[in-house]
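J.: input_12.txt is reproduced in full below (compact mmCIF, C-alpha atoms).
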# COMPACT_ATOMS: atom_id res chain seq x y z
CA MET D 1 33.75 -54.11 -33.54
CA ASP D 2 30.85 -55.09 -35.78
CA LYS D 3 31.96 -58.71 -35.78
CA PRO D 4 30.93 -60.76 -32.74
CA ILE D 5 34.16 -62.76 -32.77
CA VAL D 6 36.20 -59.56 -32.42
CA GLU D 7 33.97 -58.34 -29.61
CA TRP D 8 34.26 -61.64 -27.74
CA ALA D 9 38.03 -61.69 -28.30
CA LEU D 10 38.37 -58.19 -26.83
CA PHE D 11 36.17 -59.15 -23.88
CA ALA D 12 38.30 -62.26 -23.25
CA LEU D 13 41.47 -60.20 -23.49
CA GLY D 14 40.04 -57.75 -20.96
CA VAL D 15 39.22 -60.57 -18.55
CA LEU D 16 42.70 -62.04 -18.96
CA LEU D 17 44.29 -58.65 -18.31
CA VAL D 18 42.26 -58.20 -15.12
CA ILE D 19 43.17 -61.70 -13.91
CA ALA D 20 46.85 -61.12 -14.72
CA GLY D 21 46.72 -57.74 -12.96
CA PHE D 22 45.33 -59.29 -9.79
CA ALA D 23 47.95 -62.03 -9.99
CA ILE D 24 50.73 -59.43 -10.26
CA ALA D 25 49.19 -57.06 -7.67
CA PRO D 26 50.89 -58.63 -4.60
CA VAL D 27 54.30 -57.96 -6.13
CA PRO D 28 55.77 -54.68 -4.83
CA GLY D 29 55.20 -51.77 -7.15
CA PRO D 30 52.26 -50.57 -9.24
CA GLY D 31 52.46 -53.37 -11.85
CA GLY D 32 48.95 -54.73 -11.40
CA ILE D 33 47.20 -51.44 -12.03
CA PHE D 34 48.74 -51.22 -15.51
CA LEU D 35 46.98 -54.45 -16.43
CA ILE D 36 43.73 -54.05 -14.50
CA ALA D 37 42.80 -50.60 -15.88
CA PRO D 38 43.07 -51.52 -19.59
CA GLY D 39 41.35 -54.83 -18.88
CA LEU D 40 38.42 -53.07 -17.25
CA ALA D 41 38.27 -50.60 -20.13
CA LEU D 42 38.05 -53.46 -22.65
CA ILE D 43 35.36 -55.19 -20.62
CA LEU D 44 33.40 -51.95 -20.32
CA LYS D 45 33.66 -51.32 -24.04
CA THR D 46 32.39 -54.77 -25.03
CA SER D 47 29.88 -55.76 -22.32
CA MET D 48 26.40 -54.28 -21.86
CA TRP D 49 26.23 -55.91 -18.42
CA ALA D 50 29.39 -54.07 -17.36
CA LYS D 51 28.09 -50.79 -18.80
CA ARG D 52 24.86 -51.05 -16.81
CA HIS D 53 26.75 -51.67 -13.57
CA TYR D 54 29.21 -48.88 -14.36
CA VAL D 55 26.30 -46.44 -14.75
CA LYS D 56 24.78 -47.64 -11.45
CA VAL D 57 28.07 -47.06 -9.64
CA LYS D 58 28.42 -43.61 -11.20
CA ARG D 59 24.91 -42.64 -10.06
CA TRP D 60 25.52 -44.05 -6.59
CA GLN D 61 28.93 -42.37 -6.17
CA PRO D 62 29.21 -39.38 -8.54
CA LYS D 63 32.65 -38.32 -7.31
CA ALA D 64 34.03 -41.83 -7.77
CA GLY D 65 32.37 -41.92 -11.21
CA HIS D 66 34.25 -38.77 -12.17
CA TRP D 67 37.56 -40.35 -11.23
CA MET D 68 36.66 -43.59 -13.00
CA ASP D 69 35.90 -41.63 -16.16
CA ARG D 70 39.24 -39.87 -15.94
CA ALA D 71 41.09 -43.13 -15.32
CA LEU D 72 39.38 -44.80 -18.28
CA ARG D 73 39.86 -41.67 -20.43
CA ARG D 74 36.28 -41.81 -21.60
CA ARG D 75 35.47 -39.42 -24.45
CA SER D 76 31.95 -38.92 -23.15
CA ALA D 77 33.35 -37.66 -19.84
CA ARG D 78 35.60 -35.16 -21.59
CA ARG D 79 32.67 -34.01 -23.74
CA ARG D 80 30.42 -33.53 -20.67
CA GLU D 81 33.18 -31.63 -18.87
CA ALA D 82 33.66 -29.31 -21.88
CA ILE D 83 29.90 -28.63 -21.97
CA ARG D 84 29.85 -27.85 -18.23
CA LYS D 85 32.82 -25.53 -18.64
CA ALA D 86 31.15 -23.69 -21.54
CA GLN D 87 27.93 -23.32 -19.52
CA ARG D 88 29.86 -21.89 -16.56
CA GLU D 89 31.60 -19.41 -18.85
CA GLN D 90 28.29 -18.33 -20.40
CA SER D 91 26.60 -17.87 -17.05
CA GLY D 92 29.61 -15.89 -15.79
CA ASP D 93 29.48 -13.38 -18.69
Starting from the coordinates I provided, produce the structure as structure tokens.
T.:
Amino acid sequence: MDKPIVEWALFALGVLLVIAGFAIAPVPGPGGIFLIAPGLALILKTSMWAKRHYVKVKRWQPKAGHWMDRALRRRSARRREAIRKAQREQSGD
């Protein structure tokens, strides 16, 4: 990811996956979601603009942010959850 061409290629792939997911979405079944979610994850990973808006949405709607983190399988979300769990266990002792 240190090379700008790779970063731009991943961003473009993410955009294409999102577009393809929305194109497939009207077809019966869950097909579109399997393209939209990875596309959004790629965009989020490669775009500072998307990261800033993602953080704003998470602050505005914390419960939705939790579900978005789970859907995107973000490592930072798992790490924060493990820290919260450890703190609850310590305070319960």
J.: Extract, using all atoms listed in the file, all DNA, RNA and protein residues at most 10 Å from range 13-25 of chain D, discarding same-chain residues fewer than 6 positions from it, and format them as a list in words.
T.: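 Answer for this query is Glu7, Gly31, Gly32, Ile33, Phe34, Leu35, Ile36, Ala37, Pro38, Gly39, Leu40, Ala41, Leu42, Ile43, Leu44, Lys45 and Thr46 of chain D.
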J.: Could the residues in this selection be saved with C-alpha atoms as a short mmCIF file (atom, residue, chain, number, x, y, z; two decimals), in the coordinates of the input?
T.:
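The file below, part-v8.cif, is the result:
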data_model
loop_
_atom_site.label_atom_id
_atom_site.label_comp_id
_atom_site.auth_asym_id
_atom_site.auth_seq_id
_atom_site.Cartn_x
_atom_site.Cartn_y
_atom_site.Cartn_z
CA GLU D 7 33.97 -58.34 -29.61
CA GLY D 31 52.46 -53.37 -11.85
CA GLY D 32 48.95 -54.73 -11.40
CA ILE D 33 47.20 -51.44 -12.03
CA PHE D 34 48.74 -51.22 -15.51
CA LEU D 35 46.98 -54.45 -16.43
CA ILE D 36 43.73 -54.05 -14.50
CA ALA D 37 42.80 -50.60 -15.88
CA PRO D 38 43.07 -51.52 -19.59
CA GLY D 39 41.35 -54.83 -18.88
CA LEU D 40 38.42 -53.07 -17.25
CA ALA D 41 38.27 -50.60 -20.13
CA LEU D 42 38.05 -53.46 -22.65
CA ILE D 43 35.36 -55.19 -20.62
CA LEU D 44 33.40 -51.95 -20.32
CA LYS D 45 33.66 -51.32 -24.04
CA THR D 46 32.39 -54.77 -25.03
#
J.: Contacts of range 60-70 of chain D at 12 Å or less, counting all atoms listed in the file, minus same-chain residues fewer than 5 places along, as a PDB file with C-alpha atoms, in the coordinates of the input?
T.:
ATOM      1  CA  ALA D  37      42.800 -50.600 -15.880  1.00  0.00           C
ATOM      2  CA  LEU D  40      38.420 -53.070 -17.250  1.00  0.00           C
ATOM      3  CA  ALA D  41      38.270 -50.600 -20.130  1.00  0.00           C
ATOM      4  CA  LEU D  44      33.400 -51.950 -20.320  1.00  0.00           C
ATOM      5  CA  HIS D  53      26.750 -51.670 -13.570  1.00  0.00           C
ATOM      6  CA  TYR D  54      29.210 -48.880 -14.360  1.00  0.00           C
ATOM      7  CA  VAL D  55      26.300 -46.440 -14.750  1.00  0.00           C
ATOM      8  CA  ARG D  75      35.470 -39.420 -24.450  1.00  0.00           C
ATOM      9  CA  SER D  76      31.950 -38.920 -23.150  1.00  0.00           C
ATOM     10  CA  ALA D  77      33.350 -37.660 -19.840  1.00  0.00           C
ATOM     11  CA  ARG D  78      35.600 -35.160 -21.590  1.00  0.00           C
ATOM     12  CA  ARG D  79      32.670 -34.010 -23.740  1.00  0.00           C
ATOM     13  CA  ARG D  80      30.420 -33.530 -20.670  1.00  0.00           C
ATOM     14  CA  GLU D  81      33.180 -31.630 -18.870  1.00  0.00           C
TER      15      GLU D  81
END
J.: One number please: CA of Arg88 in chain D to CA of Arg59 in chain D, in Å, one decimal.
T.: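 Between CA of Arg88 in chain D and CA of Arg59 in chain D the gap works out to 22.3 Å.
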J.: Give me, please, the distance in Å between CA of Ser47 in chain D and CA of Lys3 in chain D, quoted to one decimal.
T.: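 One can read the CA of Ser47 in chain D to CA of Lys3 in chain D distance as 13.9 Å.
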